[in-house]
Every structure is written in structure tokens, then in C-alpha cells.
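What follows is one structure encoded as C-alpha cells, with my remarks underneath.
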Amino acid sequence: MLEALRANSGLLGGEQSGHIIYLKDHVTGDGLAAALLLCDALQGRTLAEAAAVLPRYPQAKENVRVATKTLSDALVEEISRVNAELDGNGRILVRPSGTEPVVRVLAEAESPQKAQELCARISALVTRELG
């Protein structure tokens, strides 16, 4: 996540696991700092009110064992194509693990079936491209 933030000039990044990095003042995950930033961002609203603006989609996840964790051009192009096809009604996230020889695939879509289908499709491509 730190590499992605730096590569994209990002300031705030997080993972589903709850790991959050805020580069303004830190370069490591810090749960207490994340909690304080959240309290400040709420600005008097409840957490439910703040989260209500985010669409929630069913998810499907898979960790794909690979020989190399460098994403191929064909893989990146297909991910971009599928994300464009979803047109904001879901997304595909693919990233190499920082600690294991796997590439993590997350698909979100309007139905659990569509999320599973997309996850399986991209996971199969990861297996073909990265072995």
C-alpha cells in the first residue's frame, strides 16, 4: 500500500484488513492515529451517517499463488477494461501481496454472482499470466 501511495502521490490508503496509512505525518500503519483522523473527519456526524454515502457491493476474493508478482500488461489492460465496463457499479482490484507469493484479487459487483464471476475470470488470467 505504501508503494502505491507513493507511486500515485496519494496521502491516505487503507486495506480491508483495517490497515491504514496516512502519509502526512506517518509512514507506517498506526491504529490510534487512524482512529483520531476518523473522529476528526466525522465533524459531528455519526459513523453511520458518514458511511451512508458509500455504495456497498457484494465482494468475492481470491489469493492466487504465482511464480512472479509483477502484473503483466495484458492483465493490467483487462482489469482496466472490466473496471470501465462496470462503470462505477463495482470494481476489480488486483495487487501483489507484500508478504506471500500470491496476487490478491478482489471483485465487487451489484450481485454476489457477478462478483464471483469477475473474480474467477481475473484469477484465471492471473494464473495464466503469472504462473
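Each chain in the C-alpha cells gets a letter, A, B, ..., in the order shown, and its residues are numbered from 1; ligands are numbered from 1 in order too.
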Residues near Ala50 in chain A, anyone? I mean within 12 Å using only C-alpha atoms, not counting same-chain ones fewer than 4 positions away, as a ChimeraX atom specification.
/A:38-46,54-55
Could you go through range 1-129 of chain A and tell me which residues DSSP, when run on the backbone, assigns to strand (DSSP E or B), listing them as a ChimeraX atom specification?
/A:12-14,20-22,59-65,91-96,102-108
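Taking only C-alpha atoms, the non-local environment of Asp87 in chain A within 12 Å (same-chain residues fewer than 6 positions away omitted) comprises Ser80, Arg81, Glu108, Ala109 and Glu110 of chain A.
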Take the residues from that selection and put them in a file with all heavy atoms, as an mmCIF file, in the first residue's frame.
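Result went into result_39.cif, see below:
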```cif
data_model
loop_
_atom_site.group_PDB
_atom_site.id
_atom_site.type_symbol
_atom_site.label_atom_id
_atom_site.label_comp_id
_atom_site.auth_asym_id
_atom_site.auth_seq_id
_atom_site.Cartn_x
_atom_site.Cartn_y
_atom_site.Cartn_z
ATOM 1 N N SER A 80 -8.398 -2.898 -16.350
ATOM 2 C CA SER A 80 -8.899 -1.571 -16.732
ATOM 3 C C SER A 80 -10.162 -1.682 -17.570
ATOM 4 O O SER A 80 -11.115 -0.930 -17.371
ATOM 5 C CB SER A 80 -7.830 -0.799 -17.512
ATOM 6 O OG SER A 80 -6.739 -0.512 -16.687
ATOM 7 N N ARG A 81 -10.174 -2.643 -18.493
ATOM 8 C CA ARG A 81 -11.337 -2.830 -19.360
ATOM 9 C C ARG A 81 -12.568 -3.242 -18.547
ATOM 10 O O ARG A 81 -13.654 -2.688 -18.718
ATOM 11 C CB ARG A 81 -11.030 -3.881 -20.426
ATOM 12 C CG ARG A 81 -12.072 -3.948 -21.520
ATOM 13 C CD ARG A 81 -11.809 -5.068 -22.498
ATOM 14 N NE ARG A 81 -12.054 -6.382 -21.910
ATOM 15 C CZ ARG A 81 -13.255 -6.851 -21.557
ATOM 16 N NH1 ARG A 81 -14.323 -6.104 -21.705
ATOM 17 N NH2 ARG A 81 -13.386 -8.050 -21.041
ATOM 18 N N GLU A 108 -15.888 -6.578 -6.836
ATOM 19 C CA GLU A 108 -17.141 -6.076 -6.277
ATOM 20 C C GLU A 108 -18.097 -5.855 -7.443
ATOM 21 O O GLU A 108 -17.699 -5.337 -8.478
ATOM 22 C CB GLU A 108 -16.932 -4.749 -5.543
ATOM 23 C CG GLU A 108 -16.078 -4.861 -4.310
ATOM 24 C CD GLU A 108 -15.862 -3.515 -3.626
ATOM 25 O OE1 GLU A 108 -15.879 -2.467 -4.301
ATOM 26 O OE2 GLU A 108 -15.686 -3.529 -2.404
ATOM 27 N N ALA A 109 -19.349 -6.246 -7.248
ATOM 28 C CA ALA A 109 -20.352 -6.070 -8.300
ATOM 29 C C ALA A 109 -21.728 -5.967 -7.650
ATOM 30 O O ALA A 109 -21.878 -6.181 -6.448
ATOM 31 C CB ALA A 109 -20.298 -7.220 -9.294
ATOM 32 N N GLU A 110 -22.731 -5.676 -8.462
ATOM 33 C CA GLU A 110 -24.082 -5.466 -7.938
ATOM 34 C C GLU A 110 -24.726 -6.737 -7.398
ATOM 35 O O GLU A 110 -25.660 -6.664 -6.616
ATOM 36 C CB GLU A 110 -24.956 -4.817 -9.005
ATOM 37 C CG GLU A 110 -24.529 -3.387 -9.281
ATOM 38 C CD GLU A 110 -25.399 -2.696 -10.303
ATOM 39 O OE1 GLU A 110 -25.694 -3.311 -11.354
ATOM 40 O OE2 GLU A 110 -25.785 -1.552 -10.044
#
```
Based on the backbone DSSP call, show me all residues of range 11-114 of chain A assigned helix (DSSP H, G or I), as a CSV table (one decimal) with N, CA, C and O atoms, in the first residue's frame.
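Listed below is the output, states_27.csv:
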```csv
chain,number,residue,atom,x,y,z
A,31,GLY,N,-3.0,2.4,14.2
A,31,GLY,CA,-4.4,2.4,14.6
A,31,GLY,C,-4.9,3.5,15.3
A,31,GLY,O,-6.0,4.0,15.1
A,32,LEU,N,-4.2,4.0,16.3
A,32,LEU,CA,-4.6,5.1,17.1
A,32,LEU,C,-4.7,6.4,16.3
A,32,LEU,O,-5.7,7.2,16.4
A,33,ALA,N,-3.7,6.6,15.4
A,33,ALA,CA,-3.7,7.8,14.6
A,33,ALA,C,-4.9,7.7,13.6
A,33,ALA,O,-5.6,8.7,13.3
A,34,ALA,N,-5.2,6.5,13.1
A,34,ALA,CA,-6.3,6.3,12.2
A,34,ALA,C,-7.6,6.6,12.9
A,34,ALA,O,-8.5,7.3,12.3
A,35,ALA,N,-7.7,6.2,14.1
A,35,ALA,CA,-9.0,6.5,14.9
A,35,ALA,C,-9.2,8.0,15.1
A,35,ALA,O,-10.3,8.5,15.0
A,36,LEU,N,-8.1,8.7,15.4
A,36,LEU,CA,-8.2,10.1,15.7
A,36,LEU,C,-8.5,10.9,14.4
A,36,LEU,O,-9.3,11.8,14.4
A,37,LEU,N,-7.9,10.4,13.3
A,37,LEU,CA,-8.3,11.0,12.0
A,37,LEU,C,-9.7,10.8,11.6
A,37,LEU,O,-10.4,11.7,11.1
A,38,LEU,N,-10.2,9.6,11.9
A,38,LEU,CA,-11.6,9.3,11.6
A,38,LEU,C,-12.5,10.2,12.5
A,38,LEU,O,-13.5,10.8,12.0
A,39,CYS,N,-12.2,10.4,13.8
A,39,CYS,CA,-13.0,11.2,14.6
A,39,CYS,C,-13.1,12.6,14.1
A,39,CYS,O,-14.1,13.3,14.1
A,40,ASP,N,-11.9,13.1,13.6
A,40,ASP,CA,-11.9,14.5,13.1
A,40,ASP,C,-12.7,14.6,11.8
A,40,ASP,O,-13.4,15.6,11.6
A,41,ALA,N,-12.6,13.6,11.0
A,41,ALA,CA,-13.3,13.6,9.7
A,41,ALA,C,-14.8,13.5,9.8
A,41,ALA,O,-15.6,14.0,9.0
A,42,LEU,N,-15.3,12.9,10.9
A,42,LEU,CA,-16.7,12.8,11.1
A,42,LEU,C,-17.4,14.2,11.3
A,42,LEU,O,-18.6,14.3,11.0
A,47,LEU,N,-20.9,7.8,12.6
A,47,LEU,CA,-20.2,7.0,11.6
A,47,LEU,C,-21.2,6.4,10.5
A,47,LEU,O,-20.8,6.4,9.3
A,48,ALA,N,-22.4,6.1,11.0
A,48,ALA,CA,-23.4,5.6,10.0
A,48,ALA,C,-23.7,6.6,9.0
A,48,ALA,O,-23.9,6.4,7.8
A,49,GLU,N,-23.9,7.9,9.4
A,49,GLU,CA,-24.2,9.0,8.5
A,49,GLU,C,-23.1,9.2,7.5
A,49,GLU,O,-23.3,9.4,6.3
A,50,ALA,N,-21.8,9.2,8.0
A,50,ALA,CA,-20.7,9.4,7.1
A,50,ALA,C,-20.6,8.2,6.1
A,50,ALA,O,-20.3,8.4,4.9
A,51,ALA,N,-20.8,7.0,6.5
A,51,ALA,CA,-20.6,5.8,5.7
A,51,ALA,C,-21.8,5.7,4.7
A,51,ALA,O,-21.7,5.0,3.7
A,73,ASP,N,1.3,-6.5,-18.7
A,73,ASP,CA,0.5,-5.5,-19.4
A,73,ASP,C,-0.9,-6.0,-19.8
A,73,ASP,O,-1.9,-5.3,-19.7
A,74,ALA,N,-1.0,-7.3,-20.2
A,74,ALA,CA,-2.3,-7.9,-20.6
A,74,ALA,C,-3.2,-7.9,-19.4
A,74,ALA,O,-4.4,-7.6,-19.5
A,75,LEU,N,-2.7,-8.2,-18.3
A,75,LEU,CA,-3.5,-8.3,-17.0
A,75,LEU,C,-4.0,-6.9,-16.7
A,75,LEU,O,-5.2,-6.7,-16.4
A,76,VAL,N,-3.1,-5.9,-16.7
A,76,VAL,CA,-3.5,-4.6,-16.3
A,76,VAL,C,-4.5,-4.0,-17.3
A,76,VAL,O,-5.5,-3.4,-16.9
A,77,GLU,N,-4.4,-4.3,-18.6
A,77,GLU,CA,-5.3,-3.9,-19.6
A,77,GLU,C,-6.7,-4.5,-19.4
A,77,GLU,O,-7.7,-3.8,-19.5
A,78,GLU,N,-6.7,-5.8,-19.0
A,78,GLU,CA,-8.0,-6.5,-18.8
A,78,GLU,C,-8.7,-5.9,-17.6
A,78,GLU,O,-9.9,-5.7,-17.6
A,79,ILE,N,-8.0,-5.7,-16.5
A,79,ILE,CA,-8.5,-5.1,-15.3
A,79,ILE,C,-9.1,-3.7,-15.6
A,79,ILE,O,-10.2,-3.4,-15.2
A,80,SER,N,-8.4,-2.9,-16.4
A,80,SER,CA,-8.9,-1.6,-16.7
A,80,SER,C,-10.2,-1.7,-17.6
A,80,SER,O,-11.1,-0.9,-17.4
A,81,ARG,N,-10.2,-2.6,-18.5
A,81,ARG,CA,-11.3,-2.8,-19.4
A,81,ARG,C,-12.6,-3.2,-18.5
A,81,ARG,O,-13.7,-2.7,-18.7
A,82,VAL,N,-12.4,-4.2,-17.6
A,82,VAL,CA,-13.5,-4.6,-16.8
A,82,VAL,C,-14.0,-3.5,-15.9
A,82,VAL,O,-15.2,-3.3,-15.7
A,83,ASN,N,-13.1,-2.7,-15.3
A,83,ASN,CA,-13.5,-1.6,-14.5
A,83,ASN,C,-14.3,-0.6,-15.3
A,83,ASN,O,-15.3,0.0,-14.8
A,84,ALA,N,-13.9,-0.3,-16.5
A,84,ALA,CA,-14.6,0.6,-17.3
A,84,ALA,C,-16.0,0.1,-17.7
A,84,ALA,O,-17.0,0.8,-17.7
A,85,GLU,N,-16.0,-1.2,-17.9
A,85,GLU,CA,-17.3,-1.9,-18.2
A,85,GLU,C,-18.3,-1.8,-17.0
A,85,GLU,O,-19.5,-1.6,-17.2
A,86,LEU,N,-17.7,-1.9,-15.8
A,86,LEU,CA,-18.6,-1.8,-14.6
A,86,LEU,C,-19.1,-0.4,-14.4
A,86,LEU,O,-20.1,-0.2,-13.7
A,112,PRO,N,-23.8,-11.0,-5.9
A,112,PRO,CA,-22.8,-11.9,-5.5
A,112,PRO,C,-22.3,-12.8,-6.7
A,112,PRO,O,-21.1,-13.1,-6.8
A,113,GLN,N,-23.3,-13.1,-7.5
A,113,GLN,CA,-22.9,-14.0,-8.7
A,113,GLN,C,-22.0,-13.3,-9.6
A,113,GLN,O,-21.0,-13.9,-10.1
A,114,LYS,N,-22.3,-12.0,-9.9
A,114,LYS,CA,-21.4,-11.2,-10.8
A,114,LYS,C,-20.0,-11.0,-10.2
A,114,LYS,O,-19.0,-11.1,-10.9
```
Excluding range 123-126 of chain A and any residue of its chain fewer than 5 positions from it, enumerate the residues within 8 Å of it, using only C-alpha atoms, and give them as JSON, numbers by chain.
{"A": [62, 64, 66, 75, 103, 105, 131]}
Requested write-out: N, CA and C atoms of the selected residues, as an mmCIF file, in the first residue's frame:
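Result saved to selection_1.cif:
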```
data_model
loop_
_atom_site.group_PDB
_atom_site.id
_atom_site.type_symbol
_atom_site.label_atom_id
_atom_site.label_comp_id
_atom_site.auth_asym_id
_atom_site.auth_seq_id
_atom_site.Cartn_x
_atom_site.Cartn_y
_atom_site.Cartn_z
ATOM 1 N N GLU A 62 -9.973 -13.757 -3.910
ATOM 2 C CA GLU A 62 -9.155 -14.954 -4.085
ATOM 3 C C GLU A 62 -7.681 -14.561 -4.024
ATOM 4 N N VAL A 64 -4.226 -15.811 -5.367
ATOM 5 C CA VAL A 64 -3.732 -16.683 -6.433
ATOM 6 C C VAL A 64 -2.230 -16.859 -6.271
ATOM 7 N N VAL A 66 1.430 -17.432 -7.350
ATOM 8 C CA VAL A 66 2.089 -17.055 -8.601
ATOM 9 C C VAL A 66 3.594 -17.282 -8.512
ATOM 10 N N LEU A 75 -2.689 -8.231 -18.256
ATOM 11 C CA LEU A 75 -3.503 -8.282 -17.039
ATOM 12 C C LEU A 75 -3.990 -6.891 -16.654
ATOM 13 N N VAL A 103 -0.993 -13.160 -5.575
ATOM 14 C CA VAL A 103 -1.619 -11.927 -6.052
ATOM 15 C C VAL A 103 -3.046 -11.969 -5.540
ATOM 16 N N VAL A 105 -6.889 -10.888 -5.521
ATOM 17 C CA VAL A 105 -7.922 -10.427 -6.460
ATOM 18 C C VAL A 105 -9.189 -10.157 -5.662
ATOM 19 N N GLY A 131 1.683 -17.422 -13.651
ATOM 20 C CA GLY A 131 2.049 -18.791 -13.291
ATOM 21 C C GLY A 131 1.928 -19.115 -11.873
#
```
Got a sec: who's within 10 Å of Arg95 in chain A, counting only C-alpha atoms, leaving out chain neighbours fewer than 5 positions off, as JSON, numbers by chain?
{"A": [1, 4, 63, 69, 70, 71, 102, 103, 104, 105, 106]}
Limited to all heavy atoms, could you put the picked residues into a file as a PDB file, in the first residue's frame?
```pdb
ATOM      1  N   MET A   1       0.830  -1.179   0.000  1.00  0.00           N
ATOM      2  CA  MET A   1       0.000   0.000   0.000  1.00  0.00           C
ATOM      3  C   MET A   1       0.878   1.247   0.000  1.00  0.00           C
ATOM      4  O   MET A   1       0.566   2.208  -0.692  1.00  0.00           O
ATOM      5  CB  MET A   1      -0.917  -0.017   1.215  1.00  0.00           C
ATOM      6  CG  MET A   1      -1.768   1.215   1.308  1.00  0.00           C
ATOM      7  SD  MET A   1      -2.856   1.392   2.737  1.00  0.00           S
ATOM      8  CE  MET A   1      -2.448   0.122   3.824  1.00  0.00           C
ATOM      9  N   ALA A   4       2.075   1.975  -3.451  1.00  0.00           N
ATOM     10  CA  ALA A   4       1.008   2.511  -4.294  1.00  0.00           C
ATOM     11  C   ALA A   4       0.724   3.971  -3.963  1.00  0.00           C
ATOM     12  O   ALA A   4       0.512   4.789  -4.858  1.00  0.00           O
ATOM     13  CB  ALA A   4      -0.264   1.681  -4.138  1.00  0.00           C
ATOM     14  N   ASN A  63      -6.902 -15.383  -3.353  1.00  0.00           N
ATOM     15  CA  ASN A  63      -5.451 -15.250  -3.349  1.00  0.00           C
ATOM     16  C   ASN A  63      -4.903 -16.272  -4.333  1.00  0.00           C
ATOM     17  O   ASN A  63      -5.092 -17.469  -4.150  1.00  0.00           O
ATOM     18  CB  ASN A  63      -4.872 -15.512  -1.955  1.00  0.00           C
ATOM     19  CG  ASN A  63      -5.261 -14.436  -0.972  1.00  0.00           C
ATOM     20  OD1 ASN A  63      -5.449 -13.283  -1.338  1.00  0.00           O
ATOM     21  ND2 ASN A  63      -5.401 -14.802   0.276  1.00  0.00           N
ATOM     22  N   LYS A  69       5.255 -11.774  -9.145  1.00  0.00           N
ATOM     23  CA  LYS A  69       4.186 -10.872  -8.690  1.00  0.00           C
ATOM     24  C   LYS A  69       4.100  -9.598  -9.520  1.00  0.00           C
ATOM     25  O   LYS A  69       3.332  -8.709  -9.206  1.00  0.00           O
ATOM     26  CB  LYS A  69       4.389 -10.532  -7.208  1.00  0.00           C
ATOM     27  CG  LYS A  69       4.238 -11.741  -6.304  1.00  0.00           C
ATOM     28  CD  LYS A  69       4.119 -11.383  -4.846  1.00  0.00           C
ATOM     29  CE  LYS A  69       5.413 -10.989  -4.223  1.00  0.00           C
ATOM     30  NZ  LYS A  69       5.312 -10.750  -2.769  1.00  0.00           N
ATOM     31  N   THR A  70       4.870  -9.528 -10.609  1.00  0.00           N
ATOM     32  CA  THR A  70       4.824  -8.361 -11.480  1.00  0.00           C
ATOM     33  C   THR A  70       3.656  -8.506 -12.442  1.00  0.00           C
ATOM     34  O   THR A  70       3.617  -9.428 -13.258  1.00  0.00           O
ATOM     35  CB  THR A  70       6.137  -8.214 -12.265  1.00  0.00           C
ATOM     36  OG1 THR A  70       7.210  -8.134 -11.339  1.00  0.00           O
ATOM     37  CG2 THR A  70       6.111  -6.960 -13.125  1.00  0.00           C
ATOM     38  N   LEU A  71       2.688  -7.596 -12.344  1.00  0.00           N
ATOM     39  CA  LEU A  71       1.488  -7.670 -13.186  1.00  0.00           C
ATOM     40  C   LEU A  71       1.840  -7.395 -14.636  1.00  0.00           C
ATOM     41  O   LEU A  71       2.492  -6.396 -14.948  1.00  0.00           O
ATOM     42  CB  LEU A  71       0.433  -6.681 -12.701  1.00  0.00           C
ATOM     43  CG  LEU A  71      -0.018  -6.809 -11.243  1.00  0.00           C
ATOM     44  CD1 LEU A  71      -1.148  -5.832 -10.957  1.00  0.00           C
ATOM     45  CD2 LEU A  71      -0.433  -8.223 -10.895  1.00  0.00           C
ATOM     46  N   VAL A 102       1.675 -14.527  -3.593  1.00  0.00           N
ATOM     47  CA  VAL A 102       0.317 -14.528  -4.140  1.00  0.00           C
ATOM     48  C   VAL A 102      -0.030 -13.145  -4.678  1.00  0.00           C
ATOM     49  O   VAL A 102       0.550 -12.139  -4.280  1.00  0.00           O
ATOM     50  CB  VAL A 102      -0.752 -14.939  -3.083  1.00  0.00           C
ATOM     51  CG1 VAL A 102      -0.501 -16.342  -2.555  1.00  0.00           C
ATOM     52  CG2 VAL A 102      -0.826 -13.955  -1.945  1.00  0.00           C
ATOM     53  N   VAL A 103      -0.993 -13.160  -5.575  1.00  0.00           N
ATOM     54  CA  VAL A 103      -1.619 -11.927  -6.052  1.00  0.00           C
ATOM     55  C   VAL A 103      -3.046 -11.969  -5.540  1.00  0.00           C
ATOM     56  O   VAL A 103      -3.748 -12.967  -5.687  1.00  0.00           O
ATOM     57  CB  VAL A 103      -1.566 -11.825  -7.591  1.00  0.00           C
ATOM     58  CG1 VAL A 103      -2.457 -10.708  -8.089  1.00  0.00           C
ATOM     59  CG2 VAL A 103      -0.130 -11.592  -8.047  1.00  0.00           C
ATOM     60  N   ARG A 104      -3.478 -10.904  -4.901  1.00  0.00           N
ATOM     61  CA  ARG A 104      -4.814 -10.836  -4.311  1.00  0.00           C
ATOM     62  C   ARG A 104      -5.780 -10.210  -5.326  1.00  0.00           C
ATOM     63  O   ARG A 104      -5.506  -9.158  -5.880  1.00  0.00           O
ATOM     64  CB  ARG A 104      -4.782 -10.029  -3.025  1.00  0.00           C
ATOM     65  CG  ARG A 104      -3.816 -10.607  -1.998  1.00  0.00           C
ATOM     66  CD  ARG A 104      -3.906  -9.895  -0.662  1.00  0.00           C
ATOM     67  NE  ARG A 104      -2.789 -10.202   0.209  1.00  0.00           N
ATOM     68  CZ  ARG A 104      -2.590 -11.334   0.858  1.00  0.00           C
ATOM     69  NH1 ARG A 104      -3.450 -12.324   0.707  1.00  0.00           N
ATOM     70  NH2 ARG A 104      -1.549 -11.514   1.638  1.00  0.00           N
ATOM     71  N   VAL A 105      -6.889 -10.888  -5.521  1.00  0.00           N
ATOM     72  CA  VAL A 105      -7.922 -10.427  -6.460  1.00  0.00           C
ATOM     73  C   VAL A 105      -9.189 -10.157  -5.662  1.00  0.00           C
ATOM     74  O   VAL A 105      -9.658 -11.012  -4.916  1.00  0.00           O
ATOM     75  CB  VAL A 105      -8.213 -11.489  -7.549  1.00  0.00           C
ATOM     76  CG1 VAL A 105      -9.318 -11.015  -8.482  1.00  0.00           C
ATOM     77  CG2 VAL A 105      -6.936 -11.821  -8.325  1.00  0.00           C
ATOM     78  N   LEU A 106      -9.727  -8.956  -5.814  1.00  0.00           N
ATOM     79  CA  LEU A 106     -10.984  -8.577  -5.174  1.00  0.00           C
ATOM     80  C   LEU A 106     -11.915  -8.070  -6.268  1.00  0.00           C
ATOM     81  O   LEU A 106     -11.533  -7.199  -7.058  1.00  0.00           O
ATOM     82  CB  LEU A 106     -10.765  -7.467  -4.138  1.00  0.00           C
ATOM     83  CG  LEU A 106     -12.027  -6.791  -3.604  1.00  0.00           C
ATOM     84  CD1 LEU A 106     -12.811  -7.737  -2.700  1.00  0.00           C
ATOM     85  CD2 LEU A 106     -11.694  -5.510  -2.870  1.00  0.00           C
TER      86      LEU A 106
END
```
